[in-house]
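Each remark here refers to the structure printed beneath this line.
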Amino acid sequence: MKKKVLAAILAAAMAVTGLGTFPVMAQEEEQIELTFWHNVPNETGQKVIENAIARFNEEYPNVKVTVVANENDPYKTKIATAMAAGEEPDIMTSNGGGWLKTFVDEGKILDLTDRIAEVEDEYYPAALSLFEYDDKRYGLPTSFGPAPVYFNKQIYEELGLKIPTTLEEFEANLEACKEAGYIPFTLANSAQWPGALTFIWLSLRYGGKDAFLNAYNRENGGTFEDESFIKAGEKIQEWVEKGYYPEGFNAMNDDTGASRMLFYSGQAVHFISTNGMAANCTSEAPEFYENNLDMFVFPEIEGGKGNVKEILGGGNGWSITSKCEHPDEAFALIHYLSDKDYAQDNVDLAGVVSGAKGVEMPNPIAQKVSDILQEADYVQNFYDQFLPTDLAALHKQTTYDLFGLTTTPEQAAADMEALAKETLD
Amino acid sequence: MINSKKLNKRLLVLAFVLPALFFYGVFNLAGIVRTFYYSTLDWKGISANKTFVGLENYIAVAKDPLFWNALKNNLILVAVSVFIQIPCALGLALLINAKLKGARFFRTVFFMPMLLSTVATGIMWILFYDPNFGILALLIHKLNLPISTAFLQGDRALPSILLVICWQFIPFYMIILKAGLTNIPEELYEAAKIDGANSWQCFSRITMPLLIPTIRTSAVLQLVGSLKYFDLFYVMMGGAPNESTELMATYMYKKGFTEFRMGYGSTVAAYMFIICFVFACVFLFMTRKKEDAR
């Protein structure tokens with residue numbers, strides 16, 4: 001049984017490393033080698049990384065960087081296995097949050113607080129905060145963005161709809177889409193996190209950022225049974241019952257593009273997704289990107305405690321592992337891999353907005369992403385990235401069940417609270 | 001003289017067995033032993049920090065309703081494998097064994113699903129099952145059938161995946177049974193026909209009894225394979241099977257690698273090992289008795 005799992009992992013790892021390994025050679029006196037694992041799945045993104053390493057090698061010709069590209073889900077397993085075996089790379093990528101914290105707690109990640117203090121001003125504070133625990137910093141951000149409500153602006157024009165500023169207006173738009181024969185939302189929820197985004201937005205708007213933070217920190221009487229979580233669940237089930245989602249969405253696979261196909265083909269109007277969506281769109285449907293794609297921040301709810309300046313988002317970053325023998329060079333490298341030049345390259349070539357300030361946005365979509373980030377005063381990381389791993393898994397499972405109408409909002413909240421009591425108290 | 005010959009022979013046998021034994025020992029036996037060791041720990045799987053907790057994990061798993069639910073799904077998979085796959089495979093084997101026109105062609109066609117890798121099979125069927133763009137959804141829409149196209153959702157997810165498993169594995173057992181059929185001497189049928197037996201009698205009195213050992217082997221393979229099954233469920237449920245499609249192996253993976261509870265995951269693995277072992281022993285014992293009685 002174990003053998004099979006391991007075989008699957010190894011096979012996946014080999015397939016990816018086989019494609020992704022390319023050593024960057026340099027000849028100098030003291031030869032240093034740094035291994036670097038990332039999970040940027042597309043060609044343009046890898047080109048951006050190559051360019052940054054080339055700039056790094058101009059200053060550090062004696063450092064040979066071995067790059068290994070990985071797929072996202074196998075990557076997480078691979079790094080955990082490598083850590084256990086003591087064979088982790090010098091530099092690794094993560095989404096920060098609870099997942100990275102597991103490794104920080106085990107002393108596997110290098111504390112970068114002092115080093116980051118020198119370059120801090122170059123980055124958005126919210127982006128840096130993804131890799132911050134107890135006032136210590138463990139990473140530099142490489143991509144950073146909101147998870148907005150994407151919509152098809154041509155359909156909005158056709159139906160004469162306006163960008164909603166309240167939930168009431170938003171729901172009126174959804175109803176109008178439904179009546180006109182469109183699917184209001186596209187969603188492919190088999191991996192469970194895509195649907196969770198809607199849940200987080202709703203609870204963020206009902207309860208504000210404090211509802212979640214209090215529940216997580218076990219402060220001010222906050223719990224996961226707070227009414228904002230229950231209301232979010234109720235709203236989701238109301239929308240499911242009204243038929244706002246595509247047939248069979250809980251079984252559709254986001255990785256294989258089931259949700260995006262409905263969106264690109266103009267059958268579905270809205271799509272709540274991560275900043276990776278815009279990047280996918282540039283390569284999968286460039287015309288749609290140019291003519292149809294637009295976005296807005298999830299509207300406020302009348303009577304809710306949240307406001308439009310609190311947004312849902314997340315990103316990726318680079319961390320250095322504790323076993324790295326050349327932390328100075330490694331930090332210089334991750335700085336090259338996240339600085340303003342990198343960020344500019346990243347948005348120009350790959351359409352990905354990074355965590356560095358002062359970048360010129362090449363198109364309206366990127367500009368909008370940047371505007372949303374600058375107007376925000378709080379960025380809520382995805383719960384499943386932020387929470388400890390077992391609570392994160394339960395959060396995904398319960399929201400999945402909410403969408404599938406196989407649990408009640410009260411039950412989902414009670415299940416979360418029960419596990420939170422065990423793991424957080 | 002004779003003794004040294006015997007010794008030589010033994011050494012030779014040992015020399016041939018040793019490499020296989022080495023790999024089996026390192027990758028199987030050592031793994032099993034370590035799994036049992038890990039199952040007594042409270043361990044995240046990445047740290048040096050391991051706490052010995054004795055049988056605590058075993059008690060926790062025994063009380064875990066999700067584990068029993070996973071075992072139930074495994075047992076459904078066993079039942080489907082043994083009682084649907086083998087009869088279907090037998091039917092197909094008889095069909096391609098009959099001297100019909102084009103039997104060779106059909107043998108190749110029937111065997112095709114087995115040649116695809118499991119991940120490719122899984123992704124292909126995800127696309128077939130797609131509720132909006134899938135070929136099955138198109139058929140349902142074209143024929144205006146009043147059926148939901150949400151195949152991989154809720155109660156229908158398990159049967160939908162079981163269908164794919166049948167589709168993938170029936171050919172394998174078809175080939176095994178076909179090999180068994182080829183081993184039955186033609187003279188027996190000729191003799192029976194001379195004695196006036198009809199085709200049903202030929203089948204029930206000659207084919208079936210002589211095929212029983214092959215069927216038994218297939219059933220054992222099915223049994224153990226189904227109890228430790230992992231890949232299609234993992235692939236088709238997007239790496240996150242739900243209660244209705246959770247198996248013991250996917251549950252173990254979730255606990256060990258997604259939630260970083262390696263001790264707990266190892267305990268699930270240990271239970272799996274025990275369950276597989278007991279099932280296989282009981283099955284072999286029961287079928288052996290029958291043979292002796294005969």
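Residues in the structure tokens are named by chain (A, B, ... in the order shown) and by number from 1 within that chain; ligands are numbered from 1 in the order shown.
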For chain A against chain B, which residues fall within 9 Å using only C-alpha atoms, given as an mmCIF file with C-alpha atoms, in the first residue's frame?
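Generated output (out-v2.cif):
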```
data_model
loop_
_atom_site.group_PDB
_atom_site.id
_atom_site.type_symbol
_atom_site.label_atom_id
_atom_site.label_comp_id
_atom_site.auth_asym_id
_atom_site.auth_seq_id
_atom_site.Cartn_x
_atom_site.Cartn_y
_atom_site.Cartn_z
ATOM 1 C CA MET A 1 0.000 0.000 0.000
ATOM 2 C CA LYS A 2 2.747 2.396 0.973
ATOM 3 C CA LYS A 3 4.784 1.209 -1.947
ATOM 4 C CA LYS A 4 2.128 2.254 -4.381
ATOM 5 C CA VAL A 5 1.856 5.724 -2.926
ATOM 6 C CA ALA A 8 3.145 7.370 -7.584
ATOM 7 C CA ASP A 73 0.126 19.100 -5.510
ATOM 8 C CA LYS A 76 3.849 19.505 -1.429
ATOM 9 C CA THR A 77 4.252 15.784 -0.847
ATOM 10 C CA ALA A 80 7.606 16.813 2.993
ATOM 11 C CA THR A 81 9.279 13.543 2.016
ATOM 12 C CA ALA A 82 12.546 15.311 1.215
ATOM 13 C CA MET A 83 12.493 17.113 4.566
ATOM 14 C CA ALA A 84 12.033 13.832 6.423
ATOM 15 C CA ALA A 85 14.991 12.383 4.543
ATOM 16 C CA GLY A 86 17.120 15.513 5.041
ATOM 17 C CA THR A 102 4.593 23.296 10.085
ATOM 18 C CA PHE A 103 8.155 23.384 8.736
ATOM 19 C CA GLU A 106 10.287 22.010 13.135
ATOM 20 C CA GLY A 107 13.221 24.387 12.626
ATOM 21 C CA LYS A 108 13.510 23.485 8.959
ATOM 22 C CA ASN A 189 -15.076 22.007 -6.866
ATOM 23 C CA SER A 190 -13.711 18.470 -6.831
ATOM 24 C CA ALA A 191 -10.448 19.597 -5.224
ATOM 25 C CA GLN A 192 -12.577 21.368 -2.562
ATOM 26 C CA PRO A 246 -23.364 24.503 -13.177
ATOM 27 C CA GLU A 247 -24.732 20.976 -13.135
ATOM 28 C CA GLY A 248 -22.413 18.620 -11.270
ATOM 29 C CA PHE A 249 -19.967 21.340 -10.211
ATOM 30 C CA ASN A 250 -18.895 19.481 -7.064
ATOM 31 C CA ALA A 251 -17.446 16.738 -9.228
ATOM 32 C CA MET A 252 -15.786 18.946 -11.847
ATOM 33 C CA ASN A 253 -12.012 19.227 -11.856
ATOM 34 C CA ASP A 254 -10.488 22.689 -11.777
ATOM 35 C CA ASP A 255 -7.042 21.450 -12.831
ATOM 36 C CA THR A 256 -8.332 20.038 -16.083
ATOM 37 C CA ALA A 258 -13.780 22.295 -16.382
ATOM 38 C CA MET A 261 -14.217 26.115 -20.188
ATOM 39 C CA LEU A 262 -17.683 27.251 -19.091
ATOM 40 C CA PRO A 388 -2.944 24.294 10.513
ATOM 41 C CA THR A 389 -3.081 21.379 8.111
ATOM 42 C CA ASP A 390 -5.759 19.237 9.799
ATOM 43 C CA LEU A 391 -8.100 22.168 10.388
ATOM 44 C CA ALA A 392 -7.478 23.297 6.810
ATOM 45 C CA ALA A 393 -8.525 19.874 5.533
ATOM 46 C CA GLN A 397 -14.350 19.229 3.520
ATOM 47 C CA TYR A 400 -17.515 21.076 -0.005
ATOM 48 C CA ASP A 401 -20.343 19.433 1.934
ATOM 49 C CA GLY A 404 -23.190 19.492 -1.936
ATOM 50 C CA THR A 406 -24.947 17.162 2.539
#
```
Practice item. Go through segment 313-364 of chain A and collect every residue that DSSP, computed from the backbone, puts in strand (DSSP E or B); the answer should be as a PyMOL selection string. Key: chain A and resi 313-321+356
Residues at most 12 Å from Glu234 of chain A, counting only C-alpha atoms, excluding those fewer than 3 positions away in the same chain, as a PyMOL selection string?
chain A and resi 198-199+202-203+206+227-231+237-241+399+402-403+405+407-413
Take the residues just selected and output them with N, CA and C atoms as a tab-separated table (two decimals), in the first residue's frame.
```tsv
chain	number	residue	atom	x	y	z
A	198	THR	N	-15.53	31.19	-2.15
A	198	THR	CA	-16.81	31.87	-1.97
A	198	THR	C	-17.19	31.95	-0.50
A	199	PHE	N	-16.94	30.85	0.19
A	199	PHE	CA	-17.25	30.80	1.63
A	199	PHE	C	-16.44	31.86	2.39
A	202	LEU	N	-17.73	35.41	1.70
A	202	LEU	CA	-18.99	35.69	2.39
A	202	LEU	C	-18.77	35.88	3.89
A	203	SER	N	-17.95	35.02	4.49
A	203	SER	CA	-17.77	35.16	5.95
A	203	SER	C	-16.95	36.41	6.26
A	206	TYR	N	-19.58	39.17	6.06
A	206	TYR	CA	-20.55	39.15	7.17
A	206	TYR	C	-19.88	39.53	8.49
A	227	GLU	N	-21.77	33.64	13.97
A	227	GLU	CA	-22.89	33.66	13.01
A	227	GLU	C	-22.44	34.01	11.60
A	228	SER	N	-21.28	34.69	11.46
A	228	SER	CA	-20.84	35.03	10.11
A	228	SER	C	-20.53	33.77	9.29
A	229	PHE	N	-19.97	32.74	9.95
A	229	PHE	CA	-19.68	31.49	9.23
A	229	PHE	C	-20.97	30.76	8.88
A	230	ILE	N	-21.93	30.81	9.80
A	230	ILE	CA	-23.21	30.14	9.54
A	230	ILE	C	-23.96	30.84	8.41
A	231	LYS	N	-23.94	32.19	8.46
A	231	LYS	CA	-24.63	32.93	7.40
A	231	LYS	C	-23.99	32.68	6.04
A	237	GLN	N	-25.78	27.78	0.31
A	237	GLN	CA	-26.81	26.77	0.04
A	237	GLN	C	-28.01	27.39	-0.67
A	238	GLU	N	-28.30	28.66	-0.35
A	238	GLU	CA	-29.39	29.35	-1.05
A	238	GLU	C	-29.06	29.46	-2.54
A	239	TRP	N	-27.82	29.83	-2.83
A	239	TRP	CA	-27.41	29.97	-4.24
A	239	TRP	C	-27.42	28.63	-4.97
A	240	VAL	N	-26.97	27.59	-4.26
A	240	VAL	CA	-26.98	26.27	-4.90
A	240	VAL	C	-28.41	25.86	-5.22
A	241	GLU	N	-29.31	26.09	-4.25
A	241	GLU	CA	-30.70	25.68	-4.46
A	241	GLU	C	-31.36	26.48	-5.56
A	399	THR	N	-16.88	22.94	3.64
A	399	THR	CA	-17.46	23.82	2.62
A	399	THR	C	-17.89	23.00	1.41
A	402	LEU	N	-21.14	21.72	2.26
A	402	LEU	CA	-22.15	22.77	2.18
A	402	LEU	C	-22.63	22.93	0.74
A	403	PHE	N	-21.68	22.97	-0.18
A	403	PHE	CA	-22.05	23.08	-1.59
A	403	PHE	C	-22.84	21.88	-2.06
A	405	LEU	N	-24.85	20.22	-0.31
A	405	LEU	CA	-26.08	20.16	0.49
A	405	LEU	C	-26.13	18.90	1.35
A	407	THR	N	-24.52	18.77	4.34
A	407	THR	CA	-24.43	19.15	5.74
A	407	THR	C	-25.21	20.45	5.90
A	408	THR	N	-25.43	20.85	7.14
A	408	THR	CA	-26.10	22.13	7.36
A	408	THR	C	-25.06	23.15	7.78
A	409	PRO	N	-25.34	24.44	7.58
A	409	PRO	CA	-24.38	25.47	8.00
A	409	PRO	C	-24.03	25.35	9.48
A	410	GLU	N	-25.01	25.02	10.31
A	410	GLU	CA	-24.76	24.90	11.74
A	410	GLU	C	-23.83	23.72	12.02
A	411	GLN	N	-24.09	22.59	11.36
A	411	GLN	CA	-23.28	21.40	11.57
A	411	GLN	C	-21.84	21.65	11.12
A	412	ALA	N	-21.69	22.29	9.94
A	412	ALA	CA	-20.35	22.57	9.42
A	412	ALA	C	-19.57	23.43	10.41
A	413	ALA	N	-20.24	24.45	10.94
A	413	ALA	CA	-19.59	25.35	11.89
A	413	ALA	C	-19.23	24.59	13.18
```
From the DSSP assignment of the backbone, select every residue of segment 70-193 of chain B that is helix (DSSP H, G or I), and format the answer as a PyMOL selection string. chain B and resi 70-97+103-115+118-129+135-142+154-182+186-193
Pairwise distance, atom CA of Glu87 of chain A with atom CA of Lys64 of chain A, equals 17.9 Å
